$ cat work-v7.cif   # mmCIF, C-alpha atoms
data_input
#
loop_
_atom_site.label_atom_id
_atom_site.label_comp_id
_atom_site.auth_asym_id
_atom_site.auth_seq_id
_atom_site.Cartn_x
_atom_site.Cartn_y
_atom_site.Cartn_z
CA ALA M 107 3.07 16.03 8.11
CA GLN M 108 2.03 12.49 8.71
CA LYS M 109 4.82 9.94 8.80
CA ILE M 110 5.41 6.25 9.40
CA THR M 111 8.76 5.01 10.69
CA GLN M 112 9.96 1.43 10.58
CA THR M 113 13.40 1.28 12.15
CA GLN M 114 14.20 -2.38 11.42
CA PRO M 115 15.38 -2.85 7.82
CA GLY M 116 15.69 -6.59 8.40
CA MET M 117 14.71 -9.14 11.02
CA PHE M 118 15.11 -12.86 11.31
CA VAL M 119 13.30 -15.37 13.46
CA GLN M 120 13.40 -19.11 14.01
CA GLU M 121 10.43 -21.08 12.76
CA LYS M 122 7.65 -21.46 15.37
CA GLU M 123 8.89 -18.52 17.43
CA ALA M 124 7.19 -15.14 17.79
CA VAL M 125 8.54 -11.92 16.30
CA THR M 126 7.68 -8.24 16.75
CA LEU M 127 8.03 -5.73 13.92
CA ASP M 128 8.21 -2.12 15.06
CA CYS M 129 6.22 0.82 13.72
CA THR M 130 5.88 4.36 15.01
CA TYR M 131 3.73 7.05 13.50
CA ASP M 132 3.28 10.77 13.62
CA THR M 133 -0.03 12.51 13.04
CA SER M 134 -2.00 15.43 14.37
CA ASP M 135 -5.33 13.85 13.41
CA GLN M 136 -7.61 12.54 16.14
CA SER M 137 -9.10 9.89 13.89
CA TYR M 138 -6.79 7.65 11.91
CA GLY M 139 -6.25 4.05 10.96
CA LEU M 140 -3.17 1.88 11.03
CA PHE M 141 -2.52 -1.06 8.76
CA TRP M 142 0.02 -3.79 8.23
CA TYR M 143 0.61 -5.30 4.83
CA LYS M 144 2.77 -8.24 3.75
CA GLN M 145 4.56 -8.12 0.41
CA PRO M 146 6.07 -11.40 -0.80
CA SER M 147 8.45 -11.51 -3.72
CA SER M 148 5.47 -11.68 -6.09
CA GLY M 149 4.84 -8.00 -5.38
CA GLU M 150 1.24 -8.15 -4.19
CA MET M 151 0.48 -6.19 -1.02
CA ILE M 152 -1.52 -8.50 1.24
CA PHE M 153 -3.65 -6.91 3.97
CA LEU M 154 -2.91 -8.39 7.39
CA ILE M 155 -4.50 -6.32 10.12
CA TYR M 156 -6.16 -2.96 10.87
CA GLN M 157 -6.39 -0.83 14.02
CA GLY M 158 -8.58 2.24 14.32
CA SER M 159 -7.43 5.06 16.54
CA TYR M 160 -10.54 4.80 18.69
CA ASP M 161 -10.40 1.03 19.07
CA GLU M 162 -9.73 0.24 22.70
CA GLN M 163 -8.75 -3.36 22.12
CA ASN M 164 -5.68 -4.42 20.19
CA ALA M 165 -6.60 -5.92 16.82
CA THR M 166 -5.98 -9.61 16.20
CA GLU M 167 -6.23 -11.68 13.02
CA GLY M 168 -5.21 -15.29 13.48
CA ARG M 169 -1.46 -15.37 14.16
CA TYR M 170 -1.19 -11.59 13.74
CA SER M 171 -1.81 -9.08 16.49
CA LEU M 172 -1.23 -5.37 16.63
CA ASN M 173 0.27 -3.94 19.82
CA PHE M 174 -1.28 -0.46 19.76
CA GLN M 175 0.17 2.07 22.21
CA LYS M 176 -1.54 5.34 21.40
CA ALA M 177 0.37 7.54 23.83
CA ARG M 178 3.68 6.32 22.42
CA LYS M 179 2.32 6.47 18.84
CA SER M 180 3.41 2.94 18.14
CA ALA M 181 1.65 0.11 16.32
CA ASN M 182 3.88 -2.93 16.40
CA LEU M 183 2.98 -6.13 14.58
CA VAL M 184 3.38 -9.39 16.47
CA ILE M 185 3.52 -12.62 14.49
CA SER M 186 3.15 -15.70 16.65
CA ALA M 187 4.39 -19.17 15.70
CA SER M 188 6.35 -18.00 12.65
CA GLN M 189 6.18 -20.11 9.50
CA LEU M 190 8.59 -20.29 6.57
CA GLY M 191 5.90 -18.69 4.41
CA ASP M 192 6.02 -15.58 6.58
CA SER M 193 9.32 -14.59 4.97
CA ALA M 194 8.50 -11.34 3.13
CA MET M 195 8.58 -7.56 3.36
CA TYR M 196 6.21 -6.08 5.91
CA PHE M 197 4.87 -2.55 5.64
CA CYS M 198 3.18 -0.44 8.26
CA ALA M 199 0.79 2.16 6.85
CA MET M 200 -1.46 4.92 8.11
CA ARG M 201 -4.65 6.24 6.60
CA GLU M 202 -4.43 9.96 5.94
CA SER M 203 -7.79 11.67 5.65
CA LEU M 204 -8.06 14.09 2.74
CA SER M 205 -10.63 16.71 1.88
CA GLY M 206 -13.98 15.51 0.58
CA GLY M 207 -13.94 12.32 2.60
CA TYR M 208 -11.17 10.76 0.56
CA ASN M 209 -8.17 9.09 2.05
CA LYS M 210 -4.83 7.64 1.09
CA LEU M 211 -2.28 5.39 2.73
CA ILE M 212 1.14 6.54 3.88
CA PHE M 213 3.63 3.69 4.07
CA GLY M 214 6.81 3.14 6.01
CA ALA M 215 10.01 1.89 4.37
CA GLY M 216 9.28 -1.69 5.36
CA THR M 217 10.98 -4.49 7.29
CA ARG M 218 12.27 -7.62 5.58
CA LEU M 219 11.53 -10.69 7.69
CA ALA M 220 13.39 -13.94 7.19
CA VAL M 221 12.11 -17.07 8.91
CA HIS M 222 14.78 -19.72 9.43
CA PRO M 223 13.99 -23.42 9.81
CA ASP A 9 -14.27 -13.79 -6.75
CA ALA A 10 -11.45 -12.19 -8.70
CA GLY A 11 -9.15 -9.90 -6.82
CA VAL A 12 -7.40 -6.86 -8.25
CA THR A 13 -5.76 -7.68 -11.57
CA GLN A 14 -3.08 -5.63 -13.29
CA SER A 15 -1.51 -5.84 -16.70
CA PRO A 16 1.11 -6.19 -17.94
CA THR A 17 3.20 -7.74 -15.18
CA HIS A 18 6.47 -6.45 -16.60
CA LEU A 19 7.29 -3.71 -19.07
CA ILE A 20 10.53 -2.31 -20.50
CA LYS A 21 10.56 1.14 -22.07
CA THR A 22 13.17 3.71 -23.07
CA ARG A 23 13.46 7.29 -21.92
CA GLY A 24 10.98 9.65 -23.54
CA GLN A 25 8.45 6.96 -24.38
CA GLN A 26 4.92 6.75 -23.08
CA VAL A 27 3.37 3.83 -21.18
CA THR A 28 -0.12 2.70 -20.19
CA LEU A 29 -0.78 0.39 -17.27
CA ARG A 30 -4.14 -1.27 -16.63
CA CYS A 31 -6.07 -2.30 -13.54
CA SER A 32 -9.33 -4.14 -12.91
CA PRO A 33 -10.62 -3.68 -9.36
CA LYS A 34 -11.89 -6.39 -7.09
CA SER A 35 -15.47 -7.36 -7.85
CA GLY A 36 -17.87 -4.92 -6.20
CA HIS A 37 -15.28 -2.19 -5.70
CA ASP A 38 -15.76 1.21 -7.30
CA THR A 39 -12.67 3.18 -6.27
CA VAL A 40 -9.19 2.72 -7.67
CA SER A 41 -5.94 4.16 -6.33
CA TRP A 42 -2.49 3.97 -7.87
CA TYR A 43 0.78 3.78 -5.97
CA GLN A 44 4.40 3.88 -7.09
CA GLN A 45 6.91 1.72 -5.23
CA ALA A 46 10.56 2.44 -5.96
CA LEU A 47 13.10 -0.25 -5.17
CA GLY A 48 13.66 -0.59 -1.43
CA GLN A 49 10.92 1.88 -0.49
CA GLY A 50 7.31 1.83 0.57
CA PRO A 51 4.56 2.66 -1.94
CA GLN A 52 3.73 6.30 -2.58
CA PHE A 53 0.26 7.54 -3.49
CA ILE A 54 -0.14 8.79 -7.07
CA PHE A 55 -3.86 9.42 -7.40
CA GLN A 56 -7.34 8.06 -6.74
CA TYR A 57 -10.28 7.64 -9.12
CA TYR A 58 -13.95 7.49 -8.24
CA GLU A 59 -16.95 7.92 -10.53
CA GLU A 60 -14.59 8.26 -13.49
CA GLU A 61 -12.89 11.35 -12.07
CA GLU A 62 -9.55 11.96 -10.38
CA ARG A 63 -10.46 12.81 -6.82
CA GLN A 64 -7.13 13.14 -5.07
CA ARG A 65 -3.56 13.39 -6.25
CA GLY A 66 -0.21 12.89 -4.60
CA ASN A 67 3.01 14.73 -5.31
CA PHE A 68 3.50 13.53 -8.87
CA PRO A 69 3.99 15.64 -12.02
CA ASP A 70 1.41 16.04 -14.76
CA ARG A 71 3.27 13.43 -16.81
CA PHE A 72 1.30 10.97 -14.70
CA SER A 73 -2.34 10.82 -15.71
CA GLY A 74 -5.12 8.34 -15.44
CA HIS A 75 -8.57 7.31 -16.40
CA GLN A 76 -11.42 5.32 -14.93
CA PHE A 77 -13.98 3.60 -17.11
CA PRO A 78 -17.69 2.97 -16.43
CA ASN A 79 -16.89 -0.61 -15.39
CA TYR A 80 -14.56 0.85 -12.70
CA SER A 81 -11.38 -0.39 -14.35
CA SER A 82 -8.57 2.12 -14.59
CA GLU A 83 -5.49 3.08 -16.57
CA LEU A 84 -2.33 4.85 -15.50
CA ASN A 85 -0.48 6.74 -18.22
CA VAL A 86 3.03 8.08 -17.91
CA ASN A 87 4.42 10.37 -20.63
CA ALA A 88 8.00 11.34 -21.39
CA LEU A 89 9.41 8.52 -19.28
CA LEU A 90 12.46 9.20 -17.12
CA LEU A 91 14.90 6.70 -15.67
CA GLY A 92 13.51 7.56 -12.23
CA ASP A 93 10.08 6.29 -13.25
CA SER A 94 11.40 2.75 -12.99
CA ALA A 95 9.35 1.20 -10.20
CA LEU A 96 6.61 -1.24 -9.27
CA TYR A 97 3.23 0.34 -9.93
CA LEU A 98 0.51 -0.96 -7.67
CA CYS A 99 -3.21 -0.60 -8.14
CA ALA A 100 -5.54 -0.79 -5.15
CA SER A 101 -9.30 -0.93 -5.04
CA SER A 102 -11.84 -0.21 -2.33
CA LEU A 103 -15.54 0.23 -1.87
CA GLY A 104 -16.26 3.92 -1.74
CA VAL A 105 -13.71 6.67 -1.44
CA GLY A 106 -13.57 6.30 2.31
CA GLY A 107 -13.15 2.56 2.16
CA GLU A 108 -10.63 1.62 4.76
CA LYS A 109 -9.52 -1.77 3.51
CA LEU A 110 -7.55 -1.52 0.27
CA PHE A 111 -6.99 -4.60 -1.83
CA PHE A 112 -3.86 -4.47 -3.96
CA GLY A 113 -2.91 -6.15 -7.19
CA SER A 114 0.47 -7.75 -7.86
CA GLY A 115 1.68 -4.68 -9.68
CA THR A 116 3.37 -3.83 -12.94
CA GLN A 117 7.16 -3.70 -12.85
CA LEU A 118 8.25 -0.88 -15.16
CA SER A 119 11.86 -0.59 -16.22
CA VAL A 120 12.97 2.54 -18.09
CA LEU A 121 16.29 2.20 -19.93
#
$ encode --input "work-v7.cif" --output "structure tokens"
Amino acid sequence: AQKITQTQPGMFVQEKEAVTLDCTYDTSDQSYGLFWYKQPSSGEMIFLIYQGSYDEQNATEGRYSLNFQKARKSANLVISASQLGDSAMYFCAMRESLSGGYNKLIFGAGTRLAVHP
Amino acid sequence: DAGVTQSPTHLIKTRGQQVTLRCSPKSGHDTVSWYQQALGQGPQFIFQYYEEEERQRGNFPDRFSGHQFPNYSSELNVNALLLGDSALYLCASSLGVGGEKLFFGSGTQLSVL
């Protein structure tokens, strides 16, 4: 069964520093996608970054980058130059392909990030 | 360009009651998925609607049902509420059933007393 593991329940970082949030995954599929979402206290899940299993380059979106190590089945999120507004829950997710071309997301348990001034 | 909107934002019900949650997808999106997020956990897939039909379903009992309307909006219905149904219910929309980028709403916080 496909699974996402986030081993860090909570992390803190000083403002303007970089932080890495860990994510490992388990799948037998050859084609899959990995996502990171941010969930502030408002509840909305905000898409941050996506990495396809066949993408050779690590994905980057502004201050977010995804450190994709396929052999180790890890997809860590790196946030550079942390800001106070980055304080939130962060979820790693994997696209699971279903029959008929449908898919769903499988989420990890999340990591709560606190950015300190 | 409106994003995914959900209503109501909060809801309090008692055990045994029935509840209906509503979702309007992002403009241009035709597929709606529902997720349940219990406190301290990641979201779990409930089901997905496309062309007004339930296409895929997660491991949820038949008490959970849904509907999609011709304008692509969707409802989630839960019958015979249990205390364990208390959670944040998130709606996500995408373009096409294989759409990779899901856009989520802010959710409906359901409390069952």
$ residues_around --input "work-v7.cif" --residues "M:Leu219" --least-positions-apart "5" --cutoff "8 Å" --atoms "only C-alpha atoms" --output "JSON, numbers by chain"
{"M": [116, 117, 118, 119, 192, 193, 194, 195, 196]}
$ closest_residue --input "work-v7.cif" --among "A:Asn79, A:Ser94, A:Asn85, A:Thr13" --to "A:Asp38" --atoms "all atoms listed in the file"
A:Asn79
$ closest_residue --input "work-v7.cif" --among "A:Leu103, A:Ile54, A:Leu96, A:Gly24" --to "A:Thr116" --atoms "all atoms listed in the file"
A:Leu96
$ resolve_selection --input "work-v7.cif" --expression "the PyMOL selection byres ((chain M) within 6 of (chain A))" --output "ChimeraX atom specification"
/M:149-151,208,213-215
$ closest_residue --input "work-v7.cif" --among "M:Lys210, M:Gln120, M:Ser134, M:Lys179" --to "M:Ala107" --atoms "all atoms listed in the file"
M:Ser134
$ atom_distance --input "work-v7.cif" --atom1 "atom CA of M:Asp161" --atom2 "atom CA of M:Asp128"
19.3 Å
$ atom_distance --input "work-v7.cif" --atom1 "atom CA of A:Arg23" --atom2 "atom CA of A:Phe77"
28.1 Å
$ closest_residue --input "work-v7.cif" --among "M:Ser188, M:Ser137, M:Ser147, M:Ala181" --to "M:Asn209" --atoms "all atoms listed in the file"
M:Ser137
$ residues_around --input "work-v7.cif" --residues "M:Thr166" --least-positions-apart "3" --cutoff "9 Å" --atoms "all atoms listed in the file" --output "PyMOL selection string"
chain M and resi 155-156+169-172
$ resolve_selection --input "work-v7.cif" --expression "the PyMOL selection byres ((chain A and resi 59) around 8)" --output "list in words"
Asp38, Thr39, Tyr57, Tyr58, Glu60, Glu61, Gln76, Pro78 and Tyr80 of chain A
$ resolve_selection --input "work-v7.cif" --expression "the PyMOL selection byres ((chain M and resi 180) around 10)" --output "MDAnalysis selection string"
chainID M and resid 110:111 128:132 140 172:179 181:183
$ atom_distance --input "work-v7.cif" --atom1 "atom CA of M:Gln189" --atom2 "atom CA of M:Gln157"
23.5 Å
$ closest_residue --input "work-v7.cif" --among "M:Asp135, M:Glu167, M:Glu202, M:Glu121" --to "M:Val221" --atoms "all atoms listed in the file"
M:Glu121
$ closest_residue --input "work-v7.cif" --among "A:Arg71, A:Ser101, A:Ser119, A:Glu83" --to "A:Ser35" --atoms "all atoms listed in the file"
A:Ser101
$ axis_aligned_box --input "work-v7.cif" --around "stretch 90-107 of chain A" --padding-each-side "3 Å" --output "AutoDock Vina command-line options"
--center_x -0.7 --center_y 4.0 --center_z -7.4 --size_x 37.2 --size_y 16.4 --size_z 25.4
